[in-house]
>>> print(open('target.cif').read())   # mmCIF, C-alpha atoms
data_target
#
loop_
_atom_site.label_atom_id
_atom_site.label_comp_id
_atom_site.auth_asym_id
_atom_site.auth_seq_id
_atom_site.Cartn_x
_atom_site.Cartn_y
_atom_site.Cartn_z
CA MET A 1 0.72 -8.87 -19.91
CA THR A 2 -2.88 -8.62 -21.08
CA GLY A 3 -4.50 -9.18 -24.46
CA ARG A 4 -4.06 -5.50 -25.38
CA LEU A 5 -0.50 -6.11 -26.59
CA ARG A 6 -0.03 -7.24 -30.17
CA GLY A 7 2.54 -9.82 -31.25
CA VAL A 8 5.42 -7.43 -31.93
CA GLU A 9 4.69 -5.36 -28.82
CA ALA A 10 4.44 -8.46 -26.61
CA GLY A 11 7.74 -9.78 -27.96
CA LEU A 12 9.45 -6.43 -27.43
CA LEU A 13 8.12 -6.21 -23.88
CA ARG A 14 9.38 -9.72 -23.07
CA GLY A 15 12.80 -8.75 -24.40
CA LEU A 16 12.87 -5.55 -22.35
CA ARG A 17 11.93 -7.40 -19.18
CA LEU A 18 14.63 -10.00 -19.80
CA VAL A 19 17.20 -7.22 -20.13
CA ALA A 20 15.85 -5.51 -17.01
CA TYR A 21 15.98 -8.68 -14.91
CA THR A 22 19.63 -9.08 -15.95
CA ALA A 23 20.82 -5.48 -15.97
CA LEU A 24 19.30 -4.18 -12.74
CA PRO A 25 20.98 -6.77 -10.45
CA ALA A 26 24.25 -6.10 -12.28
CA GLU A 27 23.82 -2.36 -11.64
CA LEU A 28 23.27 -3.08 -7.95
CA VAL A 29 26.45 -5.16 -7.80
CA LEU A 30 28.41 -2.36 -9.49
CA ALA A 31 26.99 0.20 -7.04
CA VAL A 32 28.03 -1.93 -4.06
CA CYS A 33 31.52 -2.34 -5.52
CA LEU A 34 31.88 1.40 -6.06
CA VAL A 35 30.73 2.18 -2.52
CA ALA A 36 33.19 -0.41 -1.19
CA GLY A 37 36.04 1.28 -3.10
CA VAL A 38 36.57 -1.45 -5.71
CA ARG A 39 38.06 -0.08 -8.93
CA ILE A 40 35.77 -0.78 -11.89
CA PRO A 41 37.16 -0.48 -15.46
CA GLY A 42 35.67 2.48 -17.29
CA ALA A 43 34.57 0.27 -20.19
CA VAL A 44 32.47 -1.85 -17.82
CA LEU A 45 30.77 1.20 -16.33
CA ALA A 46 30.12 2.66 -19.79
CA ALA A 47 28.62 -0.62 -21.02
CA ALA A 48 26.38 -0.87 -17.95
CA GLU A 49 25.10 2.67 -18.40
CA LEU A 50 24.55 2.08 -22.11
CA VAL A 51 22.37 -0.94 -21.33
CA VAL A 52 20.29 1.09 -18.88
CA VAL A 53 19.84 3.94 -21.38
CA ALA A 54 18.80 1.46 -24.09
CA LEU A 55 16.34 -0.18 -21.67
CA VAL A 56 14.74 3.16 -20.76
CA ALA A 57 14.59 4.21 -24.42
CA GLY A 58 12.87 0.93 -25.35
CA GLU A 59 10.29 1.37 -22.60
CA VAL A 60 9.59 4.95 -23.70
CA LEU A 61 9.16 3.94 -27.36
CA LEU A 62 6.80 1.12 -26.43
CA PHE A 63 4.85 3.46 -24.14
CA LEU A 64 4.42 5.97 -26.99
CA ARG A 65 3.31 3.20 -29.33
CA LEU A 66 0.65 2.07 -26.88
CA ARG A 67 -0.52 5.65 -26.43
CA ARG A 68 -0.88 6.05 -30.21
CA ARG A 69 -3.11 2.96 -30.20
CA GLY A 70 -5.50 4.76 -27.87
CA LEU A 71 -4.51 3.44 -24.44
CA SER A 72 -4.53 5.93 -21.59
CA ALA A 73 -1.29 6.72 -19.79
CA ARG A 74 -2.39 4.59 -16.81
CA GLU A 75 -3.29 1.65 -19.05
CA ALA A 76 0.00 1.89 -20.96
CA VAL A 77 2.03 1.93 -17.74
CA ALA A 78 0.04 -1.06 -16.46
CA GLU A 79 1.00 -2.97 -19.61
CA LEU A 80 4.69 -2.11 -19.35
CA VAL A 81 5.32 -2.51 -15.63
CA PRO A 82 4.64 -5.78 -13.75
CA GLU A 83 1.75 -5.49 -11.31
CA PRO A 84 3.85 -6.28 -8.19
CA VAL A 85 6.22 -3.42 -9.07
CA LEU A 86 3.32 -1.04 -9.61
CA ARG A 87 1.80 -2.03 -6.30
CA LEU A 88 5.06 -1.53 -4.41
CA VAL A 89 5.64 1.87 -6.01
CA GLY A 90 2.03 2.86 -5.35
CA HIS A 91 2.41 1.81 -1.72
CA GLU A 92 5.50 3.98 -1.24
CA LEU A 93 3.80 6.95 -2.92
CA ARG A 94 0.74 6.57 -0.67
CA LEU A 95 2.99 6.58 2.40
CA MET A 96 4.71 9.80 1.36
CA THR A 97 1.37 11.39 0.39
CA SER A 98 -0.03 10.39 3.77
CA LEU A 99 2.73 12.38 5.47
CA ALA A 100 1.54 15.52 3.67
CA ARG A 101 -2.11 14.75 4.51
CA TRP A 102 -1.17 14.15 8.15
CA VAL A 103 0.54 17.52 8.44
CA ALA A 104 -2.34 19.26 6.63
CA ARG A 105 -4.98 17.34 8.69
CA ARG A 106 -6.74 16.17 5.56
CA PRO A 107 -7.93 12.56 5.96
CA HIS A 108 -8.39 10.47 2.84
CA GLY A 109 -11.73 9.20 1.53
CA VAL A 110 -14.02 10.72 4.16
CA ALA A 111 -15.98 13.17 1.98
CA GLY A 112 -19.70 12.41 2.17
CA ALA A 113 -19.19 9.59 4.67
CA ASP A 114 -21.97 8.55 7.03
CA GLY A 115 -19.43 7.46 9.65
CA VAL A 116 -15.69 7.86 10.15
CA PHE A 117 -13.87 5.56 12.60
CA PRO A 118 -10.19 6.33 13.34
CA HIS A 119 -7.99 3.43 14.41
CA ALA A 120 -4.40 4.75 14.78
CA ARG A 121 -4.46 6.08 18.36
CA ASP A 122 -3.25 2.92 20.12
CA GLN A 123 -0.19 2.53 17.93
CA ALA A 124 1.01 6.15 18.13
CA ALA A 125 3.40 5.73 21.07
CA LEU A 126 4.99 2.64 19.53
CA MET A 127 5.49 4.26 16.12
CA TYR A 128 6.90 7.47 17.61
CA GLY A 129 9.30 5.41 19.70
CA PHE A 130 10.39 3.40 16.68
CA ALA A 131 10.92 6.58 14.66
CA PHE A 132 13.01 8.05 17.50
CA VAL A 133 15.21 4.94 17.60
CA CYS A 134 15.71 5.17 13.82
CA LEU A 135 16.60 8.85 14.19
CA VAL A 136 19.20 8.09 16.88
CA GLU A 137 20.65 5.37 14.66
CA THR A 138 20.85 7.87 11.78
CA VAL A 139 22.84 10.32 13.90
CA GLY A 140 25.13 7.58 15.19
CA MET A 141 25.88 6.14 11.75
CA SER A 142 26.47 9.63 10.37
CA TYR A 143 29.15 10.19 13.04
CA LEU A 144 30.78 6.77 12.58
CA LEU A 145 30.97 7.04 8.78
CA ALA A 146 32.15 10.64 8.63
CA ASP A 147 35.56 9.56 7.22
CA TRP A 148 33.96 7.63 4.31
CA PRO A 149 31.97 10.28 2.43
CA VAL A 150 30.47 8.00 -0.24
CA VAL A 151 29.36 5.36 2.25
CA HIS A 152 28.20 8.13 4.59
CA ALA A 153 26.00 9.67 1.88
CA VAL A 154 24.43 6.33 0.90
CA VAL A 155 23.71 5.27 4.48
CA LEU A 156 22.38 8.74 5.35
CA VAL A 157 19.86 8.59 2.49
CA LEU A 158 18.74 5.11 3.55
CA ASP A 159 18.45 6.12 7.22
CA VAL A 160 16.46 9.27 6.47
CA TYR A 161 14.13 7.31 4.22
CA THR A 162 13.67 4.74 7.01
CA VAL A 163 12.56 7.47 9.40
CA LEU A 164 10.13 8.83 6.79
CA PHE A 165 8.88 5.30 6.10
CA VAL A 166 8.07 4.67 9.77
CA LEU A 167 6.33 8.03 10.13
CA GLY A 168 4.52 7.38 6.82
CA LEU A 169 3.13 4.10 8.15
CA HIS A 170 1.59 5.90 11.11
CA ALA A 171 0.47 8.85 8.97
CA ALA A 172 -1.27 6.44 6.56
CA SER A 173 -3.15 4.85 9.45
CA ALA A 174 -4.06 8.24 10.91
CA THR A 175 -5.32 9.67 7.61
CA ARG A 176 -7.09 6.53 6.33
CA PRO A 177 -9.76 5.64 8.91
CA HIS A 178 -12.48 3.07 8.46
CA VAL A 179 -15.38 4.71 6.60
CA LEU A 180 -19.08 3.90 6.34
CA THR A 181 -20.65 5.37 3.21
CA GLY A 182 -24.11 4.38 2.06
CA ASP A 183 -24.27 0.59 1.97
CA VAL A 184 -20.50 -0.03 1.97
CA LEU A 185 -18.06 -0.27 4.88
CA ARG A 186 -14.51 0.57 3.82
CA LEU A 187 -11.95 -1.12 6.07
CA ARG A 188 -8.37 0.12 5.88
CA GLN A 189 -4.97 -0.36 7.44
CA ALA A 190 -2.03 1.97 6.72
CA ALA A 191 -1.52 2.27 2.96
CA HIS A 192 -1.67 -1.40 1.98
CA VAL A 193 -5.18 -2.58 2.93
CA ASP A 194 -8.38 -1.07 1.56
CA VAL A 195 -11.30 -3.50 1.53
CA PRO A 196 -14.87 -2.44 0.67
CA VAL A 197 -17.45 -4.61 2.44
CA PRO A 198 -21.11 -4.34 1.30
CA LEU A 199 -23.39 -4.10 4.32
CA GLY A 200 -25.66 -6.69 2.74
CA LEU A 201 -22.93 -9.32 3.18
CA ILE A 202 -22.50 -8.72 6.92
CA ALA A 203 -24.04 -11.59 8.89
CA ALA A 204 -22.92 -10.54 12.36
CA VAL A 205 -20.98 -7.81 14.16
CA ARG A 206 -19.63 -8.17 17.67
CA ARG A 207 -17.23 -6.33 19.93
CA GLU A 208 -14.42 -8.53 21.20
CA SER A 209 -10.91 -7.58 22.22
CA LEU A 210 -8.33 -10.04 20.93
CA PHE A 211 -4.58 -9.74 21.37
CA SER A 212 -3.44 -12.88 19.55
CA HIS A 213 -4.38 -13.83 16.00
CA GLU A 214 -3.48 -17.05 14.25
CA LYS A 215 -3.13 -16.92 10.49
CA THR A 216 -6.16 -18.79 9.21
CA GLU A 217 -7.41 -19.17 5.66
CA GLY A 218 -10.47 -17.02 5.03
CA GLU A 219 -9.77 -14.60 7.90
CA LEU A 220 -8.33 -11.08 7.81
CA ASN A 221 -6.93 -9.52 10.98
CA LEU A 222 -6.30 -5.76 10.78
CA ALA A 223 -4.66 -5.45 14.17
CA VAL A 224 -3.39 -2.19 15.65
CA GLY A 225 -0.85 -2.65 18.41
CA SER A 226 -1.52 -6.42 18.12
CA GLN A 227 -5.17 -5.79 19.06
CA THR A 228 -8.50 -6.07 17.29
CA SER A 229 -11.72 -4.94 18.91
CA VAL A 230 -14.53 -5.63 16.39
CA THR A 231 -15.23 -8.89 14.55
CA ILE A 232 -17.30 -8.90 11.37
CA GLU A 233 -18.67 -12.14 9.92
CA LEU A 234 -19.80 -12.24 6.28
CA THR A 235 -22.33 -14.40 4.48
CA GLU A 236 -19.95 -14.82 1.53
CA PRO A 237 -16.29 -13.96 0.91
CA VAL A 238 -14.97 -10.58 -0.19
CA ASP A 239 -11.58 -10.15 -1.78
CA ALA A 240 -8.84 -8.51 0.31
CA PRO A 241 -5.85 -8.49 -2.09
CA ARG A 242 -2.39 -8.96 -0.63
CA LEU A 243 0.30 -6.30 -0.98
CA LEU A 244 1.54 -7.64 -4.35
CA GLY A 245 -1.95 -8.24 -5.72
CA ALA A 246 -2.58 -11.92 -4.94
CA PRO A 247 -6.30 -12.53 -4.23
CA ARG A 248 -7.35 -13.33 -0.66
CA PRO A 249 -11.03 -14.22 -0.14
CA VAL A 250 -12.11 -13.69 3.48
CA ARG A 251 -15.33 -14.31 5.38
CA ILE A 252 -14.23 -13.08 8.81
CA VAL A 253 -12.63 -9.67 9.29
CA ARG A 254 -11.29 -8.49 12.63
CA VAL A 255 -10.46 -4.79 12.91
CA HIS A 256 -9.56 -2.25 15.54
CA ALA A 257 -11.11 1.15 16.12
CA ASP A 258 -10.35 3.89 18.62
CA ASP A 259 -14.05 3.69 19.56
CA PRO A 260 -15.13 0.09 18.85
CA LYS A 261 -18.60 0.69 20.32
CA ALA A 262 -19.29 3.49 17.84
CA LEU A 263 -18.22 1.26 14.91
CA ALA A 264 -20.27 -1.73 16.07
CA ASP A 265 -23.34 0.40 16.82
CA ALA A 266 -23.12 2.18 13.45
CA LEU A 267 -22.94 -1.14 11.59
CA THR A 268 -25.85 -2.54 13.59
CA ARG A 269 -28.00 0.51 12.84
CA ALA A 270 -27.07 0.51 9.16
CA ARG A 271 -27.85 -3.20 8.78
CA THR A 272 -31.18 -3.04 10.59
CA ALA A 273 -32.40 0.27 9.14
CA PRO A 274 -35.88 -0.18 7.65
CA SER A 275 -36.11 0.02 3.90
CA PRO A 276 -38.03 2.96 2.47
CA THR A 277 -41.78 2.43 2.41
CA PRO A 278 -42.94 2.11 -1.17
CA GLY A 279 -45.40 4.72 -2.28
CA PRO A 280 -48.82 4.05 -3.83
CA PRO A 281 -48.81 2.55 -7.31
CA PRO A 282 -49.03 5.12 -10.08
CA ARG A 283 -52.45 5.76 -11.56
CA VAL A 284 -53.03 4.61 -15.07
#
>>> encode(input="target.cif", output="structure tokens")
Amino acid sequence: MTGRLRGVEAGLLRGLRLVAYTALPAELVLAVCLVAGVRIPGAVLAAAELVVVALVAGEVLLFLRLRRRGLSAREAVAELVPEPVLRLVGHELRLMTSLARWVARRPHGVAGADGVFPHARDQAALMYGFAFVCLVETVGMSYLLADWPVVHAVVLVLDVYTVLFVLGLHAASATRPHVLTGDVLRLRQAAHVDVPVPLGLIAAVRRESLFSHEKTEGELNLAVGSQTSVTIELTEPVDAPRLLGAPRPVRIVRVHADDPKALADALTRARTAPSPTPGPPPRV
């Protein structure tokens, strides 16, 4: 919660989150029991649904109150929903959106770019193979669970989503290349890493193929197929937030590109480009 919430609103939000942290696990337990065929008293089911309806109604009322105070819809949602939840939901939405962009051949964030550097080629075979295995598992489970329709439906939804998730990971990498625009290099990986690096902070760029990467504080390894091919050293740290939003300052970034020479050469040219020659001083 930020300072935008007043006393009553902050107290109401704390109460709603307490109910959510209690009710949602209980709903999951009830769902598992129902799928397993356990008989649940109707009063228990009605009470659980009533709690969920009251929770949603409280969130909606608080959202409307924040909107009346002048907050935008995005700002109001950010106040109501914990940041880790927003980041996870945003990640899933970016994966599904990437599937549509992949089919339509519309890469993300490349308009007006001085250089575009794809990096998904070397993982394609692995991701397609993984998706095929998930698809075979989906067919097999569908056959084995044919006599349990409820369980069959639940597992089928989960299996189909798994296939889409795997394809979405590859689609996100294929549609979100590294991009050089002006004086900023935008380094990306799938839908969860997007780090802008000012060219002025780059101390050195070198091509080096590495297939093993130890987790070290201050280093970011954006490997593709366990490989990185370009190492970038910085004069001072840049923030590369983790998936749930925790800060991660890094001074060394290792990335992969389908054409590492093109990426390294473009960065070298951009860093060493002469500054514009100043014109004559204006006449008084």
>>> residues_around(input="target.cif", residues="range 134-149 of chain A", least_positions_apart="5", cutoff="12 Å", atoms="all atoms listed in the file", output="list in words")
Val35, Ala36, Gly37, Met127, Tyr128, Gly129, Val154, Val155, Leu156, Val157, Leu158, Asp159, Val160, Tyr161, Thr162, Val163, Leu164, Phe165, Val166 and Leu167 of chain A
>>> closest_residue(input="target.cif", among="A:Thr231, A:Asn221, A:Ser212, A:Ser98", to="Pro177 in chain A", atoms="all atoms listed in the file")
A:Ser98
>>> atom_distance(input="target.cif", atom1="CA of Gly112 in chain A", atom2="CA of Ala174 in chain A")
18.4 Å
>>> atom_distance(input="target.cif", atom1="CA of Phe63 in chain A", atom2="CA of Glu92 in chain A")
22.9 Å
>>> closest_atom_pairs(input="target.cif", of="range 17-136 of chain A", to="range 241-247 of chain A", cutoff="9 Å", atoms="all atoms listed in the file", output="Markdown table")
| residue | atom | partner | partner_atom | distance |
| --- | --- | --- | --- | --- |
| A:Glu83 | CA | A:Gly245 | CA | 7.2 |
| A:Pro84 | CA | A:Leu244 | CA | 4.7 |
| A:Val85 | CA | A:Leu244 | CA | 7.9 |
| A:Leu86 | CA | A:Leu244 | CA | 8.6 |
| A:Arg87 | CA | A:Leu244 | CA | 5.9 |
| A:Leu88 | CA | A:Leu244 | CA | 7.1 |
| A:His91 | CA | A:Leu243 | CA | 8.4 |
>>> closest_residue(input="target.cif", among="A:Pro196, A:Gly42, A:Gly115, A:Gly168", to="Ala266 in chain A", atoms="all atoms listed in the file")
A:Gly115
>>> atom_distance(input="target.cif", atom1="CA of His152 in chain A", atom2="CA of Leu34 in chain A")
13.1 Å
>>> closest_residue(input="target.cif", among="A:Val193, A:Lys215, A:Tyr21, A:Leu180", to="Pro82 in chain A", atoms="only C-alpha atoms")
A:Tyr21
>>> resolve_selection(input="target.cif", expression="the PyMOL selection byres ((chain A and resi 201) around 10)", output="VMD selection string")
chain A and resid 184 197 to 200 202 to 204 232 to 238 251 271
>>> write_last_selection(input="target.cif", atoms="C-alpha atoms", output="PDB file, in the frame of the given file")
ATOM      1  CA  VAL A 184     -20.500  -0.030   1.970  1.00  0.00           C
ATOM      2  CA  VAL A 197     -17.450  -4.610   2.440  1.00  0.00           C
ATOM      3  CA  PRO A 198     -21.110  -4.340   1.300  1.00  0.00           C
ATOM      4  CA  LEU A 199     -23.390  -4.100   4.320  1.00  0.00           C
ATOM      5  CA  GLY A 200     -25.660  -6.690   2.740  1.00  0.00           C
ATOM      6  CA  ILE A 202     -22.500  -8.720   6.920  1.00  0.00           C
ATOM      7  CA  ALA A 203     -24.040 -11.590   8.890  1.00  0.00           C
ATOM      8  CA  ALA A 204     -22.920 -10.540  12.360  1.00  0.00           C
ATOM      9  CA  ILE A 232     -17.300  -8.900  11.370  1.00  0.00           C
ATOM     10  CA  GLU A 233     -18.670 -12.140   9.920  1.00  0.00           C
ATOM     11  CA  LEU A 234     -19.800 -12.240   6.280  1.00  0.00           C
ATOM     12  CA  THR A 235     -22.330 -14.400   4.480  1.00  0.00           C
ATOM     13  CA  GLU A 236     -19.950 -14.820   1.530  1.00  0.00           C
ATOM     14  CA  PRO A 237     -16.290 -13.960   0.910  1.00  0.00           C
ATOM     15  CA  VAL A 238     -14.970 -10.580  -0.190  1.00  0.00           C
ATOM     16  CA  ARG A 251     -15.330 -14.310   5.380  1.00  0.00           C
ATOM     17  CA  ARG A 271     -27.850  -3.200   8.780  1.00  0.00           C
TER      18      ARG A 271
END
>>> closest_residue(input="target.cif", among="A:Arg248, A:His119, A:His108, A:Arg188", to="Ser229 in chain A", atoms="all atoms listed in the file")
A:His119
>>> closest_residue(input="target.cif", among="A:His170, A:Gly70, A:Arg176, A:Glu75", to="Ala111 in chain A", atoms="all atoms listed in the file")
A:Arg176
>>> closest_residue(input="target.cif", among="A:Glu79, A:Glu219, A:Asp183, A:Asp259", to="Leu62 in chain A", atoms="all atoms listed in the file")
A:Glu79
>>> decode(input="target.cif", residues="range 158-261 of chain A", atoms="C-alpha atoms", output="PDB file, in the first residue's frame")
ATOM      1  CA  LEU A 158      -4.586 -27.485 -17.161  1.00  0.00           C
ATOM      2  CA  ASP A 159      -2.879 -29.506 -19.907  1.00  0.00           C
ATOM      3  CA  VAL A 160      -4.067 -27.223 -22.698  1.00  0.00           C
ATOM      4  CA  TYR A 161      -2.924 -24.183 -20.748  1.00  0.00           C
ATOM      5  CA  THR A 162       0.478 -25.841 -20.235  1.00  0.00           C
ATOM      6  CA  VAL A 163       0.886 -26.275 -23.989  1.00  0.00           C
ATOM      7  CA  LEU A 164      -0.092 -22.627 -24.558  1.00  0.00           C
ATOM      8  CA  PHE A 165       2.283 -21.548 -21.785  1.00  0.00           C
ATOM      9  CA  VAL A 166       5.252 -23.323 -23.381  1.00  0.00           C
ATOM     10  CA  LEU A 167       4.449 -21.915 -26.820  1.00  0.00           C
ATOM     11  CA  GLY A 168       3.908 -18.488 -25.221  1.00  0.00           C
ATOM     12  CA  LEU A 169       7.396 -18.573 -23.708  1.00  0.00           C
ATOM     13  CA  HIS A 170       8.923 -19.114 -27.134  1.00  0.00           C
ATOM     14  CA  ALA A 171       6.559 -16.624 -28.785  1.00  0.00           C
ATOM     15  CA  ALA A 172       7.541 -13.977 -26.212  1.00  0.00           C
ATOM     16  CA  SER A 173      11.217 -14.522 -26.985  1.00  0.00           C
ATOM     17  CA  ALA A 174      10.574 -14.452 -30.741  1.00  0.00           C
ATOM     18  CA  THR A 175       8.505 -11.253 -30.632  1.00  0.00           C
ATOM     19  CA  ARG A 176      10.593  -9.367 -28.046  1.00  0.00           C
ATOM     20  CA  PRO A 177      14.112  -9.054 -29.489  1.00  0.00           C
ATOM     21  CA  HIS A 178      16.890  -6.920 -28.081  1.00  0.00           C
ATOM     22  CA  VAL A 179      16.449  -3.375 -29.400  1.00  0.00           C
ATOM     23  CA  LEU A 180      18.830  -0.447 -29.818  1.00  0.00           C
ATOM     24  CA  THR A 181      17.015   2.884 -29.935  1.00  0.00           C
ATOM     25  CA  GLY A 182      18.858   6.174 -29.679  1.00  0.00           C
ATOM     26  CA  ASP A 183      21.131   6.010 -26.651  1.00  0.00           C
ATOM     27  CA  VAL A 184      19.395   3.071 -24.931  1.00  0.00           C
ATOM     28  CA  LEU A 185      19.869  -0.670 -25.409  1.00  0.00           C
ATOM     29  CA  ARG A 186      16.781  -2.631 -24.399  1.00  0.00           C
ATOM     30  CA  LEU A 187      17.669  -6.182 -23.352  1.00  0.00           C
ATOM     31  CA  ARG A 188      14.828  -8.689 -23.086  1.00  0.00           C
ATOM     32  CA  GLN A 189      14.124 -12.324 -22.388  1.00  0.00           C
ATOM     33  CA  ALA A 190      10.698 -13.904 -22.949  1.00  0.00           C
ATOM     34  CA  ALA A 191       8.034 -11.869 -21.131  1.00  0.00           C
ATOM     35  CA  HIS A 192       9.716 -11.459 -17.747  1.00  0.00           C
ATOM     36  CA  VAL A 193      12.918  -9.488 -18.412  1.00  0.00           C
ATOM     37  CA  ASP A 194      13.007  -6.031 -19.972  1.00  0.00           C
ATOM     38  CA  VAL A 195      16.059  -4.000 -18.949  1.00  0.00           C
ATOM     39  CA  PRO A 196      16.916  -0.618 -20.521  1.00  0.00           C
ATOM     40  CA  VAL A 197      20.667   0.028 -20.507  1.00  0.00           C
ATOM     41  CA  PRO A 198      21.880   3.570 -21.335  1.00  0.00           C
ATOM     42  CA  LEU A 199      24.779   3.411 -23.778  1.00  0.00           C
ATOM     43  CA  GLY A 200      26.645   5.923 -21.638  1.00  0.00           C
ATOM     44  CA  LEU A 201      26.936   3.318 -18.869  1.00  0.00           C
ATOM     45  CA  ILE A 202      28.524   0.656 -21.091  1.00  0.00           C
ATOM     46  CA  ALA A 203      32.224   0.314 -20.275  1.00  0.00           C
ATOM     47  CA  ALA A 204      33.013  -2.663 -22.495  1.00  0.00           C
ATOM     48  CA  VAL A 205      31.375  -5.048 -24.956  1.00  0.00           C
ATOM     49  CA  ARG A 206      32.888  -8.347 -25.993  1.00  0.00           C
ATOM     50  CA  ARG A 207      31.781 -11.458 -27.827  1.00  0.00           C
ATOM     51  CA  GLU A 208      32.259 -14.617 -25.794  1.00  0.00           C
ATOM     52  CA  SER A 209      30.330 -17.863 -25.935  1.00  0.00           C
ATOM     53  CA  LEU A 210      29.588 -19.240 -22.472  1.00  0.00           C
ATOM     54  CA  PHE A 211      27.582 -22.363 -21.726  1.00  0.00           C
ATOM     55  CA  SER A 212      27.737 -22.350 -17.922  1.00  0.00           C
ATOM     56  CA  HIS A 213      26.747 -19.455 -15.688  1.00  0.00           C
ATOM     57  CA  GLU A 214      27.126 -19.323 -11.935  1.00  0.00           C
ATOM     58  CA  LYS A 215      24.650 -17.182 -10.037  1.00  0.00           C
ATOM     59  CA  THR A 216      26.699 -14.216  -8.872  1.00  0.00           C
ATOM     60  CA  GLU A 217      25.544 -11.027  -7.188  1.00  0.00           C
ATOM     61  CA  GLY A 218      25.612  -8.095  -9.590  1.00  0.00           C
ATOM     62  CA  GLU A 219      25.472 -10.236 -12.747  1.00  0.00           C
ATOM     63  CA  LEU A 220      22.540 -10.967 -15.061  1.00  0.00           C
ATOM     64  CA  ASN A 221      22.687 -13.914 -17.447  1.00  0.00           C
ATOM     65  CA  LEU A 222      20.000 -13.929 -20.159  1.00  0.00           C
ATOM     66  CA  ALA A 223      20.885 -17.316 -21.582  1.00  0.00           C
ATOM     67  CA  VAL A 224      19.119 -18.939 -24.530  1.00  0.00           C
ATOM     68  CA  GLY A 225      19.588 -22.685 -24.723  1.00  0.00           C
ATOM     69  CA  SER A 226      22.020 -22.330 -21.767  1.00  0.00           C
ATOM     70  CA  GLN A 227      24.234 -20.075 -23.929  1.00  0.00           C
ATOM     71  CA  THR A 228      25.218 -16.422 -23.890  1.00  0.00           C
ATOM     72  CA  SER A 229      27.293 -14.895 -26.652  1.00  0.00           C
ATOM     73  CA  VAL A 230      27.793 -11.199 -25.745  1.00  0.00           C
ATOM     74  CA  THR A 231      29.038  -9.788 -22.429  1.00  0.00           C
ATOM     75  CA  ILE A 232      28.332  -6.180 -21.496  1.00  0.00           C
ATOM     76  CA  GLU A 233      30.160  -4.498 -18.614  1.00  0.00           C
ATOM     77  CA  LEU A 234      28.727  -1.322 -17.071  1.00  0.00           C
ATOM     78  CA  THR A 235      30.358   1.565 -15.253  1.00  0.00           C
ATOM     79  CA  GLU A 236      27.550   1.587 -12.667  1.00  0.00           C
ATOM     80  CA  PRO A 237      24.641  -0.736 -11.859  1.00  0.00           C
ATOM     81  CA  VAL A 238      21.276  -0.740 -13.594  1.00  0.00           C
ATOM     82  CA  ASP A 239      18.192  -2.277 -12.044  1.00  0.00           C
ATOM     83  CA  ALA A 240      16.924  -5.560 -13.526  1.00  0.00           C
ATOM     84  CA  PRO A 241      13.845  -6.310 -11.375  1.00  0.00           C
ATOM     85  CA  ARG A 242      13.043  -9.930 -10.601  1.00  0.00           C
ATOM     86  CA  LEU A 243       9.769 -11.523 -11.695  1.00  0.00           C
ATOM     87  CA  LEU A 244       7.904 -10.450  -8.531  1.00  0.00           C
ATOM     88  CA  GLY A 245       9.404  -6.950  -8.488  1.00  0.00           C
ATOM     89  CA  ALA A 246      12.379  -7.301  -6.127  1.00  0.00           C
ATOM     90  CA  PRO A 247      15.226  -4.970  -7.195  1.00  0.00           C
ATOM     91  CA  ARG A 248      18.367  -6.518  -8.689  1.00  0.00           C
ATOM     92  CA  PRO A 249      21.251  -4.118  -9.425  1.00  0.00           C
ATOM     93  CA  VAL A 250      23.655  -5.549 -12.013  1.00  0.00           C
ATOM     94  CA  ARG A 251      26.927  -4.349 -13.513  1.00  0.00           C
ATOM     95  CA  ILE A 252      27.590  -7.271 -15.858  1.00  0.00           C
ATOM     96  CA  VAL A 253      24.974  -8.488 -18.323  1.00  0.00           C
ATOM     97  CA  ARG A 254      25.476 -11.541 -20.509  1.00  0.00           C
ATOM     98  CA  VAL A 255      22.997 -12.016 -23.349  1.00  0.00           C
ATOM     99  CA  HIS A 256      22.534 -14.157 -26.417  1.00  0.00           C
ATOM    100  CA  ALA A 257      21.732 -13.031 -29.942  1.00  0.00           C
ATOM    101  CA  ASP A 258      21.149 -14.951 -33.147  1.00  0.00           C
ATOM    102  CA  ASP A 259      23.882 -12.750 -34.654  1.00  0.00           C
ATOM    103  CA  PRO A 260      26.189 -11.790 -31.759  1.00  0.00           C
ATOM    104  CA  LYS A 261      28.632 -10.022 -34.099  1.00  0.00           C
TER     105      LYS A 261
END
